[in-house]
file start-v2.txt (compact mmCIF, C-alpha atoms)
# COMPACT_ATOMS: atom_id res chain seq x y z
CA MET A 1 97.60 249.73 -14.14
CA GLN A 2 97.45 253.47 -14.73
CA ASP A 3 95.23 255.56 -12.47
CA PHE A 4 93.35 257.51 -15.13
CA GLY A 5 91.33 259.29 -12.47
CA ARG A 6 94.36 261.42 -11.66
CA LEU A 7 94.64 262.77 -15.20
CA ASP A 8 93.04 266.06 -16.09
CA ASP A 9 90.73 266.13 -19.11
CA THR A 10 93.46 267.11 -21.56
CA GLU A 11 95.84 264.42 -20.37
CA LEU A 12 93.05 261.89 -20.41
CA LEU A 13 92.06 262.72 -23.99
CA ARG A 14 95.69 262.55 -25.02
CA THR A 15 95.84 259.07 -23.53
CA VAL A 16 92.63 258.13 -25.33
CA ALA A 17 94.21 259.41 -28.56
CA GLY A 18 97.08 257.03 -27.89
CA GLY A 19 94.66 254.13 -28.15
CA ASP A 20 94.19 253.30 -24.48
CA GLU A 21 90.77 251.75 -24.01
CA GLY A 22 91.07 252.11 -20.23
CA ALA A 23 91.34 255.86 -20.69
CA LEU A 24 88.18 255.80 -22.78
CA GLY A 25 86.45 254.02 -19.92
CA GLU A 26 87.52 256.81 -17.57
CA LEU A 27 86.34 259.39 -20.09
CA TYR A 28 82.98 257.67 -20.16
CA ASP A 29 82.77 257.52 -16.37
CA ARG A 30 83.56 261.23 -16.20
CA PHE A 31 81.14 262.55 -18.80
CA HIS A 32 78.50 260.02 -19.71
CA ARG A 33 75.84 261.47 -17.42
CA PRO A 34 75.84 265.03 -18.84
CA CYS A 35 76.11 263.67 -22.39
CA TYR A 36 73.21 261.31 -21.87
CA ALA A 37 71.08 263.96 -20.19
CA PHE A 38 71.83 266.31 -23.05
CA ALA A 39 70.92 263.72 -25.69
CA LEU A 40 67.78 262.84 -23.78
CA ARG A 41 66.89 266.51 -23.59
CA MET A 42 67.28 266.90 -27.35
CA LEU A 43 65.87 263.60 -28.56
CA GLY A 44 63.27 262.89 -25.90
CA ALA A 45 63.56 259.11 -26.12
CA GLU A 46 65.87 257.01 -23.98
CA ALA A 47 66.77 254.55 -26.73
CA ASP A 48 67.71 257.35 -29.13
CA ALA A 49 69.70 259.13 -26.43
CA GLU A 50 71.57 255.93 -25.61
CA GLU A 51 72.42 255.43 -29.27
CA ALA A 52 73.63 259.02 -29.61
CA VAL A 53 75.86 258.73 -26.56
CA GLN A 54 77.34 255.47 -27.78
CA GLU A 55 78.15 257.03 -31.15
CA ALA A 56 79.50 260.17 -29.45
CA PHE A 57 82.00 258.21 -27.37
CA VAL A 58 83.02 256.09 -30.33
CA ARG A 59 83.65 259.28 -32.29
CA ALA A 60 85.57 260.71 -29.36
CA TRP A 61 87.72 257.57 -29.42
CA ARG A 62 88.39 257.93 -33.13
CA ASN A 63 88.97 261.68 -33.04
CA ALA A 64 90.63 262.26 -29.70
CA HIS A 65 93.76 263.41 -31.51
CA LEU A 66 91.75 266.37 -32.83
CA TYR A 67 90.85 267.59 -29.34
CA ASP A 68 92.18 271.09 -28.64
CA ASN A 69 91.96 272.16 -25.02
CA ALA A 70 92.41 275.78 -26.06
CA LYS A 71 89.04 275.64 -27.79
CA ALA A 72 86.93 273.68 -25.32
CA GLY A 73 86.97 271.74 -22.08
CA GLY A 74 86.57 267.99 -22.24
CA GLN A 75 82.91 268.03 -21.30
CA THR A 76 82.10 270.80 -23.77
CA TRP A 77 83.90 268.89 -26.51
CA LEU A 78 81.99 265.71 -25.83
CA ILE A 79 78.67 267.50 -25.58
CA SER A 80 79.44 269.25 -28.84
CA ILE A 81 79.91 265.84 -30.52
CA THR A 82 76.71 264.59 -28.89
CA ARG A 83 74.79 267.67 -29.97
CA ASN A 84 75.89 267.38 -33.59
CA LEU A 85 74.69 263.79 -33.64
CA CYS A 86 71.40 264.78 -32.06
CA ILE A 87 70.88 267.61 -34.55
CA ASP A 88 71.48 265.16 -37.41
CA GLU A 89 68.91 262.82 -35.91
CA LEU A 90 66.39 265.61 -35.33
CA ARG A 91 66.76 266.81 -38.87
CA ARG A 92 66.23 263.27 -40.15
CA ARG A 93 63.00 262.93 -38.29
CA ARG A 94 61.94 266.58 -38.38
CA ARG A 95 58.71 265.72 -40.08
CA ARG A 96 57.83 263.04 -37.60
CA ALA A 97 55.99 263.94 -34.47
CA ALA A 98 58.44 264.06 -31.63
CA GLU A 99 57.62 264.39 -28.01
CA ALA A 100 60.09 266.82 -26.57
CA THR A 101 60.64 266.79 -22.87
CA THR A 102 61.04 269.97 -20.89
CA LEU A 103 64.09 270.90 -18.89
CA ASP A 104 62.43 269.59 -15.76
CA ASP A 105 61.20 266.30 -17.17
CA VAL A 106 64.56 264.61 -17.14
CA ALA A 107 65.37 265.43 -13.53
CA GLU A 108 66.19 262.49 -11.35
CA PRO A 109 66.85 262.20 -7.64
CA PRO A 110 70.34 263.29 -6.61
CA ASP A 111 72.89 260.52 -6.31
CA PRO A 112 73.91 260.24 -2.65
CA GLY A 113 77.39 259.13 -3.72
CA ARG A 114 78.15 262.20 -5.81
CA THR A 115 81.65 263.56 -5.85
CA ASP A 116 82.86 267.13 -5.46
CA VAL A 117 82.95 267.43 -9.24
CA GLU A 118 79.32 266.42 -9.42
CA ALA A 119 78.50 268.90 -6.67
CA GLU A 120 80.16 271.65 -8.72
CA ARG A 121 78.15 270.58 -11.73
CA ALA A 122 74.99 270.70 -9.66
CA MET A 123 75.78 274.25 -8.57
CA LEU A 124 76.48 275.32 -12.14
CA ARG A 125 73.27 273.64 -13.24
CA THR A 126 71.31 275.66 -10.71
CA GLN A 127 72.95 278.89 -11.83
CA VAL A 128 72.33 278.26 -15.54
CA ARG A 129 68.72 277.26 -14.97
CA ARG A 130 68.12 280.28 -12.79
CA ALA A 131 69.63 282.56 -15.43
CA LEU A 132 67.44 280.97 -18.09
CA GLU A 133 64.36 281.49 -15.96
CA LEU A 134 65.17 285.18 -15.71
CA LEU A 135 64.98 285.59 -19.47
CA PRO A 136 61.79 286.90 -21.06
CA GLY A 137 59.82 283.88 -22.25
CA GLU A 138 60.13 284.74 -25.93
CA GLN A 139 63.93 284.92 -25.68
CA ARG A 140 64.14 281.68 -23.72
CA SER A 141 61.88 279.89 -26.20
CA ALA A 142 63.96 281.07 -29.13
CA ILE A 143 67.20 279.89 -27.51
CA GLU A 144 65.71 276.54 -26.53
CA LEU A 145 64.29 275.87 -29.97
CA VAL A 146 67.55 276.72 -31.67
CA TYR A 147 69.98 275.13 -29.22
CA PHE A 148 68.11 272.06 -28.06
CA HIS A 149 66.12 271.34 -31.20
CA GLY A 150 68.60 272.46 -33.84
CA LEU A 151 66.13 274.73 -35.59
CA THR A 152 67.27 277.71 -37.64
CA SER A 153 65.87 281.18 -37.04
CA GLN A 154 63.67 280.77 -40.09
CA GLU A 155 62.28 277.51 -38.73
CA VAL A 156 61.74 279.01 -35.27
CA GLY A 157 59.96 281.90 -36.94
CA ASN A 158 57.64 279.44 -38.64
CA VAL A 159 56.91 277.77 -35.33
CA LEU A 160 56.37 280.97 -33.36
CA LYS A 161 54.75 282.82 -36.27
CA VAL A 162 57.18 285.71 -36.19
CA PRO A 163 59.65 286.88 -38.85
CA ALA A 164 63.13 285.33 -38.80
CA PRO A 165 64.81 288.70 -38.05
CA THR A 166 62.68 288.91 -34.91
CA VAL A 167 63.92 285.49 -33.86
CA ARG A 168 67.52 286.52 -34.51
CA SER A 169 67.01 289.62 -32.39
CA ARG A 170 65.56 287.51 -29.56
CA LEU A 171 68.47 285.10 -29.76
CA ARG A 172 71.00 287.89 -29.63
CA LEU A 173 69.36 289.75 -26.76
CA GLY A 174 68.71 286.52 -24.89
CA LEU A 175 72.26 285.24 -25.13
CA LEU A 176 73.73 288.58 -24.10
CA LYS A 177 71.34 288.90 -21.17
CA LEU A 178 72.07 285.32 -20.15
CA GLY A 179 75.78 286.04 -20.29
CA GLY A 180 75.36 289.12 -18.12
CA THR A 181 73.31 287.23 -15.53
CA LEU A 182 75.79 284.37 -15.36
CA ARG A 183 78.66 286.80 -15.03
CA GLU A 184 76.87 288.48 -12.11
CA GLN A 185 76.62 285.04 -10.52
CA GLY A 186 80.35 284.59 -10.93
CA VAL A 187 80.09 282.08 -13.78
CA THR A 188 82.67 283.23 -16.29
CA SER A 189 84.03 280.08 -17.85
CA LEU A 190 84.08 276.32 -17.61
CA GLY A 191 86.58 274.30 -15.70
CA MET B 1 71.82 290.04 -42.99
CA VAL B 2 74.25 292.81 -42.12
CA ASP B 3 73.47 296.12 -40.43
CA GLU B 4 74.01 299.52 -42.03
CA HIS B 5 77.67 299.40 -41.02
CA GLY B 6 78.27 296.00 -42.59
CA HIS B 7 78.30 294.03 -39.31
CA PRO B 8 76.48 290.66 -39.36
CA GLU B 9 75.25 291.16 -35.78
CA SER B 10 71.99 289.39 -36.38
CA LEU B 11 73.78 286.19 -37.42
CA LEU B 12 76.25 285.97 -34.54
CA ALA B 13 73.82 284.18 -32.22
CA GLU B 14 73.03 281.51 -34.81
CA LEU B 15 76.75 281.05 -35.42
CA ALA B 16 77.41 280.70 -31.69
CA LEU B 17 74.53 278.25 -31.32
CA GLY B 18 75.82 276.19 -34.24
CA VAL B 19 72.84 276.38 -36.58
CA LEU B 20 74.03 278.87 -39.19
CA ALA B 21 74.26 277.40 -42.68
CA GLU B 22 77.87 276.68 -43.59
CA ASP B 23 78.05 279.17 -46.45
CA GLU B 24 76.85 281.98 -44.21
CA ALA B 25 78.97 280.73 -41.32
CA VAL B 26 82.13 280.97 -43.40
CA ALA B 27 81.43 284.59 -44.30
CA VAL B 28 80.49 285.53 -40.74
CA ARG B 29 83.58 283.84 -39.31
CA HIS B 30 85.77 285.81 -41.70
CA HIS B 31 84.11 289.03 -40.59
CA VAL B 32 84.40 288.12 -36.92
CA ALA B 33 88.09 287.39 -37.33
CA ALA B 34 88.67 290.93 -38.56
CA CYS B 35 86.12 292.95 -36.56
CA LEU B 36 86.88 293.61 -32.89
CA SER B 37 83.34 294.56 -31.86
CA CYS B 38 81.71 291.58 -33.55
CA ARG B 39 84.40 289.27 -32.20
CA ALA B 40 83.79 290.44 -28.64
CA GLU B 41 80.06 289.91 -28.99
CA TYR B 42 80.51 286.53 -30.67
CA GLU B 43 82.93 285.30 -28.01
CA GLU B 44 80.47 286.27 -25.30
CA MET B 45 77.67 284.41 -27.08
CA GLU B 46 79.89 281.40 -27.66
CA ARG B 47 80.78 281.37 -23.96
CA VAL B 48 77.11 281.39 -23.02
CA ALA B 49 76.36 278.67 -25.57
CA THR B 50 78.92 276.36 -23.98
CA LEU B 51 77.19 276.88 -20.62
CA LEU B 52 73.70 275.98 -21.84
CA PRO B 53 74.14 272.18 -21.53
CA PHE B 54 75.00 272.66 -17.88
CA GLY B 55 71.43 273.76 -17.23
CA ILE B 56 70.16 270.23 -17.80
CA GLU B 57 69.61 267.87 -14.92
CA GLU B 58 71.99 264.93 -15.31
CA ALA B 59 70.58 261.53 -16.09
CA ALA B 60 72.15 258.08 -16.19
CA PRO B 61 71.97 255.81 -19.22
CA PRO B 62 71.49 252.04 -18.83
CA ASP B 63 74.35 250.19 -17.14
CA GLY B 64 75.22 248.22 -20.27
CA LEU B 65 76.12 251.26 -22.35
CA ARG B 66 79.70 251.55 -21.05
CA GLN B 67 80.46 247.95 -21.90
CA SER B 68 78.79 248.30 -25.27
CA ILE B 69 80.97 251.28 -26.17
CA LEU B 70 84.18 249.62 -25.03
CA LYS B 71 83.28 246.50 -26.96
CA GLN B 72 82.67 248.53 -30.12
CA VAL B 73 85.94 250.43 -29.94
CA ALA B 74 87.84 247.25 -29.21
CA SER B 75 86.41 245.61 -32.29
CA ASP B 76 87.24 248.41 -34.67
CA ALA B 77 90.40 249.66 -32.99
CA HIS B 78 92.60 248.19 -35.68
CA GLN B 79 90.46 249.32 -38.58
CA LEU B 80 89.04 252.71 -37.81
CA ARG B 81 91.40 254.39 -35.44
CA SER B 82 92.11 257.88 -36.71
CA THR B 83 95.72 258.86 -36.90
CA PRO B 84 97.21 262.18 -37.92
CA VAL B 85 97.18 262.31 -41.69
CA VAL B 86 99.97 264.77 -42.31
CA LEU B 87 102.80 262.74 -43.75
CA LYS B 88 105.87 263.50 -45.77
CA ARG B 89 107.96 261.21 -47.91
CA ARG B 90 106.32 258.02 -46.76
CA PRO B 91 105.99 255.03 -49.06
CA VAL B 92 103.01 254.59 -51.28
CA PHE B 93 101.44 251.88 -49.13
CA TRP B 94 100.62 254.63 -46.65
CA TRP B 95 97.64 255.42 -48.82
CA ALA B 96 95.99 252.28 -47.56
CA ALA B 97 96.39 253.10 -43.89
CA ALA B 98 95.39 256.72 -44.33
CA ALA B 99 92.39 255.88 -46.44
CA ALA B 100 91.18 253.40 -43.87
CA SER B 101 91.40 256.02 -41.17
CA ALA B 102 89.58 258.75 -43.05
CA LEU B 103 86.40 260.12 -41.55
CA ILE B 104 83.03 259.90 -43.25
CA VAL B 105 80.49 262.42 -42.09
CA ALA B 106 76.84 262.95 -42.82
CA SER B 107 76.35 266.72 -42.94
CA VAL B 108 75.16 266.52 -46.51
CA ALA B 109 72.59 269.23 -46.51
CA ALA B 110 74.81 272.01 -45.23
CA PHE B 111 77.59 271.17 -47.61
CA VAL B 112 75.41 270.85 -50.64
CA GLY B 113 74.08 274.27 -49.85
CA TYR B 114 77.59 275.51 -50.29
CA ALA B 115 78.38 273.38 -53.31
CA ALA B 116 75.29 274.56 -55.12
CA SER B 117 76.09 278.21 -54.60
CA ALA B 118 79.85 278.15 -54.90
CA GLY B 119 81.52 280.55 -57.25
CA PRO B 120 81.21 280.72 -60.99
CA ASP B 121 79.96 277.14 -61.30
CA LYS B 122 76.63 277.97 -59.76
CA GLY B 123 73.82 276.51 -61.74
CA ASN B 124 75.93 274.42 -64.04
CA ASP B 125 75.38 270.72 -64.72
CA ARG B 126 77.81 269.32 -62.23
CA ALA B 127 76.43 271.42 -59.36
CA GLU B 128 72.95 270.35 -60.35
CA GLN B 129 74.09 266.74 -60.34
CA VAL B 130 75.32 267.14 -56.79
CA VAL B 131 72.13 268.79 -55.61
CA GLU B 132 69.95 266.21 -57.33
CA ALA B 133 71.96 263.40 -55.73
CA ALA B 134 71.51 265.04 -52.35
CA ALA B 135 67.78 265.27 -52.95
CA ARG B 136 67.69 261.56 -53.83
CA GLY B 137 69.72 260.80 -50.72
CA ASP B 138 72.55 259.06 -52.57
CA LEU B 139 75.17 261.81 -52.57
CA GLU B 140 78.62 260.47 -51.74
CA LEU B 141 80.29 262.59 -49.07
CA ALA B 142 83.61 262.04 -47.36
CA ARG B 143 85.65 264.10 -44.99
CA ALA B 144 89.15 263.99 -43.53
CA ALA B 145 90.70 266.20 -40.91
CA ASP B 146 93.95 266.65 -39.09
CA GLY B 147 93.98 269.46 -36.57
CA ASP B 148 92.86 272.59 -38.37
CA VAL B 149 93.48 271.03 -41.79
CA SER B 150 90.35 269.49 -43.24
CA MET B 151 88.73 268.62 -46.52
CA THR B 152 85.29 267.49 -47.55
CA PHE B 153 84.55 265.91 -50.91
CA VAL B 154 81.12 265.33 -52.44
CA HIS B 155 80.08 263.81 -55.72
CA ALA B 156 77.03 262.33 -57.35
CA PRO B 157 77.01 258.60 -58.19
CA GLY B 158 78.46 258.03 -61.64
CA ALA B 159 79.86 261.57 -61.87
CA ARG B 160 83.37 262.25 -63.12
CA GLU B 161 83.63 265.48 -61.17
CA GLY B 162 83.17 266.18 -57.50
CA PHE B 163 83.37 269.26 -55.33
CA LEU B 164 86.18 269.60 -52.82
CA TRP B 165 86.05 272.01 -49.88
CA VAL B 166 89.36 272.52 -48.06
CA HIS B 167 90.21 274.40 -44.91
CA ASP B 168 93.60 275.59 -43.66
CA LEU B 169 95.83 273.57 -45.96
CA PRO B 170 99.54 273.95 -45.20
CA PRO B 171 101.15 277.09 -46.66
CA LEU B 172 102.46 276.79 -50.20
CA PRO B 173 106.11 277.50 -51.00
CA SER B 174 106.65 279.95 -53.84
CA GLY B 175 105.88 278.45 -57.24
CA LYS B 176 103.99 275.50 -55.78
CA ALA B 177 100.33 274.42 -55.85
CA TYR B 178 98.12 271.77 -54.33
CA GLN B 179 97.29 268.86 -56.59
CA ALA B 180 94.56 266.27 -56.11
CA TRP B 181 95.09 262.60 -56.96
CA PHE B 182 92.60 259.79 -57.33
CA THR B 183 93.62 256.20 -56.80
CA PRO B 184 91.60 253.13 -57.82
CA ASP B 185 93.84 250.61 -56.07
CA LEU B 186 96.04 252.51 -53.58
CA SER B 187 99.06 251.93 -55.79
CA THR B 188 98.43 253.88 -58.98
CA PHE B 189 97.47 257.55 -59.03
CA GLU B 190 95.56 259.65 -61.51
CA PRO B 191 96.36 263.37 -61.51
CA SER B 192 93.47 265.75 -61.02
CA THR B 193 92.90 269.44 -60.39
CA VAL B 194 95.74 271.79 -59.43
CA PHE B 195 94.77 274.72 -57.21
CA THR B 196 96.31 277.25 -54.84
CA LEU B 197 93.55 278.15 -52.36
CA ALA B 198 94.44 277.02 -48.84
CA SER B 199 90.80 277.47 -47.81
CA GLY B 200 88.00 277.31 -50.31
CA GLY B 201 86.38 275.09 -52.89
CA ALA B 202 87.40 273.47 -56.17
CA TRP B 203 85.94 271.00 -58.63
CA LEU B 204 88.03 267.87 -59.09
CA LYS B 205 87.93 266.01 -62.39
CA ALA B 206 88.72 262.41 -63.12
CA THR B 207 88.95 260.49 -66.38
CA GLY B 208 86.32 258.01 -65.24
CA PRO B 209 83.44 257.79 -62.76
CA LEU B 210 84.54 258.71 -59.26
CA ASP B 211 82.82 255.60 -57.90
CA GLY B 212 85.72 253.65 -59.33
CA PHE B 213 88.26 255.24 -57.00
CA VAL B 214 89.12 254.11 -53.51
CA ALA B 215 90.68 257.32 -52.22
CA MET B 216 91.66 260.87 -53.04
CA GLY B 217 94.61 262.75 -51.62
CA LEU B 218 96.42 266.05 -51.90
CA THR B 219 100.10 266.72 -52.46
CA ILE B 220 102.10 269.88 -53.05
CA GLU B 221 103.57 270.04 -56.54
CA ASP B 222 104.96 272.59 -58.98
CA LYS B 223 102.35 275.17 -59.93
CA ASP B 224 101.70 273.53 -63.30
CA GLY B 225 101.00 270.18 -61.69
CA ALA B 226 102.72 266.82 -62.04
CA ASP B 227 102.07 263.52 -63.80
CA ALA B 228 102.87 261.50 -60.69
CA PRO B 229 102.86 262.53 -57.03
CA SER B 230 106.29 263.64 -55.84
CA SER B 231 105.55 262.64 -52.25
CA ALA B 232 102.93 260.91 -50.16
CA PRO B 233 99.78 262.99 -49.74
CA PHE B 234 99.57 265.21 -46.69
CA ILE B 235 95.87 264.43 -46.35
CA VAL B 236 93.75 261.63 -47.75
CA VAL B 237 90.06 260.91 -47.83
CA MET B 238 88.57 257.50 -48.38
CA LEU B 239 85.80 257.45 -50.98
CA GLU B 240 83.47 255.30 -48.98
CA GLY B 241 80.95 254.46 -51.65
CA SER B 242 83.65 253.09 -53.91
CA ALA B 243 85.12 251.00 -51.14
CA GLN B 244 81.76 249.51 -50.36
CA ARG B 245 81.14 248.57 -53.92
CA ARG B 246 84.48 246.84 -54.29

call {"tool": "encode", "arguments": {"input": "start-v2.txt", "output": "structure tokens"}}
result
Amino acid sequence: MQDFGRLDDTELLRTVAGGDEGALGELYDRFHRPCYAFALRMLGAEADAEEAVQEAFVRAWRNAHLYDNAKAGGQTWLISITRNLCIDELRRRRRRAAEATTLDDVAEPPDPGRTDVEAERAMLRTQVRRALELLPGEQRSAIELVYFHGLTSQEVGNVLKVPAPTVRSRLRLGLLKLGGTLREQGVTSLG
Amino acid sequence: MVDEHGHPESLLAELALGVLAEDEAVAVRHHVAACLSCRAEYEEMERVATLLPFGIEEAAPPDGLRQSILKQVASDAHQLRSTPVVLKRRPVFWWAAAAASALIVASVAAFVGYAASAGPDKGNDRAEQVVEAAARGDLELARAADGDVSMTFVHAPGAREGFLWVHDLPPLPSGKAYQAWFTPDLSTFEPSTVFTLASGGAWLKATGPLDGFVAMGLTIEDKDGADAPSSAPFIVVMLEGSAQRR
């Protein structure tokens, strides 16, 4: 039996593209936690997040041959699929009242059996959260509403009662400031 | 949305965060590809956007999810597995396999936004048909992709014309054009629109309602078009609604 754990993300996705269900299992083991946390962050309900993650991995299975490691790492690719599904769901239920959780609400106790990879993720998580906290509140709100709720600038403007161009300006300044802060922390790209 | 120098700076963040409407996104991407300063800013924003998910505390889904996913892929492995759809000189029965592997996506709203505003057809009956179908929620939309090559096709129920959006089709040899074909049974093919844009949109016509066709594919033919496809299509999309009704 092949040891999929020894494959890097690109090799693993290539194996998934070849139709190996064992490789998909390894892909799931590697990335299901960030994908689920992300879906939970966007959708706010565990059942919806579970459904989104299931669909995301099924789509990854069907579309693994489209994966391009020059464009994104494996985790980024999977989260991108998850996010698109979540945005579709949010837009479907936009008019329904949805209870959004905050960044902190989905925290859970650290797993004592975490691996080095998980430790690296935890460090990156701390750095990204710290950088977000350093943003002016209006810039952070704009980024959160657009990225985690799939709203457009116009829609954010309606929520915050500011013109859309103001929202766009906040997004731009916020992202650039965030990038600068992360760069200062030594975070330049994803593994 | 552009500044006094013609740079779409204010839209770069929305593009990087993935919420810019597709029609605007296409224009901004074209600008970014040609403008060094905008490209640098966009790439920085895109880099930051890919880091945002890492700020979320990880959480574990229920234990049964892994098994549920593996069970689902095992059950549809033989039916839905996507395979590369670029083929040359393969027999006609390939239509069946390719059609079965085509992707169906649900980004109706963004695409209809494009279809409704595309080119000289804006405001005409067929565009209105598409928009009205989208508003009713019964627009038929299908998409196929292979690497950078992709196409999305939308049509209203009962319509004889649908709108095709293609991206990065293979380069055309001199004197050649792309031709669309509709097939009702995966063995006979009805010629449709001939066009030369490798990326862009075109209306495809059929002699009867599009709901009656199982799949649509593209081949490369002489610039005046052909009566029958000279080769297997290099990309095929399954017309899901038709298949379901059969």

call {"tool": "atom_distance", "arguments": {"input": "start-v2.txt", "atom1": "atom CA of B:His31", "atom2": "atom CA of B:Leu12"}}
result
10.4 Å

call {"tool": "interface_residues", "arguments": {"input": "start-v2.txt", "of": "chain A", "to": "chain B", "cutoff": "8 Å", "atoms": "all atoms listed in the file", "output": "NGL selection string"}}
result
:A and (19 or 21 or 24-25 or 28 or 32-34 or 36-38 or 41 or 46 or 50 or 54 or 57-58 or 61-63 or 65-66 or 76 or 79 or 88 or 103-104 or 106-108 or 121 or 124-129 or 146-147 or 150-153 or 165 or 168-169 or 171-172 or 175-176 or 178-179 or 189-190)

call {"tool": "atom_distance", "arguments": {"input": "start-v2.txt", "atom1": "atom CA of A:Val53", "atom2": "atom CA of A:Ser141"}}
result
25.4 Å

call {"tool": "residues_around", "arguments": {"input": "start-v2.txt", "residues": "B:Gly158", "least_positions_apart": "5", "cutoff": "7 Å", "atoms": "all atoms listed in the file", "output": "number ranges by chain"}}
result
B: 209-211

call {"tool": "closest_residue", "arguments": {"input": "start-v2.txt", "among": "A:Ala142, A:Leu132, A:Ala122, A:Val159", "to": "A:Thr181", "atoms": "all atoms listed in the file"}}
result
A:Leu132

call {"tool": "atom_distance", "arguments": {"input": "start-v2.txt", "atom1": "atom CA of A:Thr15", "atom2": "atom CA of A:Glu55"}}
result
19.4 Å

call {"tool": "residues_around", "arguments": {"input": "start-v2.txt", "residues": "A:Gly137", "least_positions_apart": "6", "cutoff": "10 Å", "atoms": "only C-alpha atoms", "output": "PDB file with C-alpha atoms, in the frame of the given file"}}
result
ATOM      1  CA  ILE A 143      67.200 279.890 -27.510  1.00  0.00           C
ATOM      2  CA  ARG A 170      65.560 287.510 -29.560  1.00  0.00           C
ATOM      3  CA  GLY A 174      68.710 286.520 -24.890  1.00  0.00           C
TER       4      GLY A 174
END

call {"tool": "residues_near_point", "arguments": {"input": "start-v2.txt", "point": "(65.8, 269.2, -34.7)", "cutoff": "7 Å", "atoms": "only C-alpha atoms", "output": "list in words"}}
result
Ile87, Leu90, Arg91, Arg94, His149, Gly150 and Leu151 of chain A

call {"tool": "residues_around", "arguments": {"input": "start-v2.txt", "residues": "A:Gln2", "least_positions_apart": "6", "cutoff": "12 Å", "atoms": "only C-alpha atoms", "output": "JSON, numbers by chain"}}
result
{"A": [12, 15, 20, 21, 22, 23, 26]}

call {"tool": "closest_residue", "arguments": {"input": "start-v2.txt", "among": "A:Ala49, A:Val167, A:Cys35, A:Met42", "to": "A:Glu155", "atoms": "all atoms listed in the file"}}
result
A:Val167
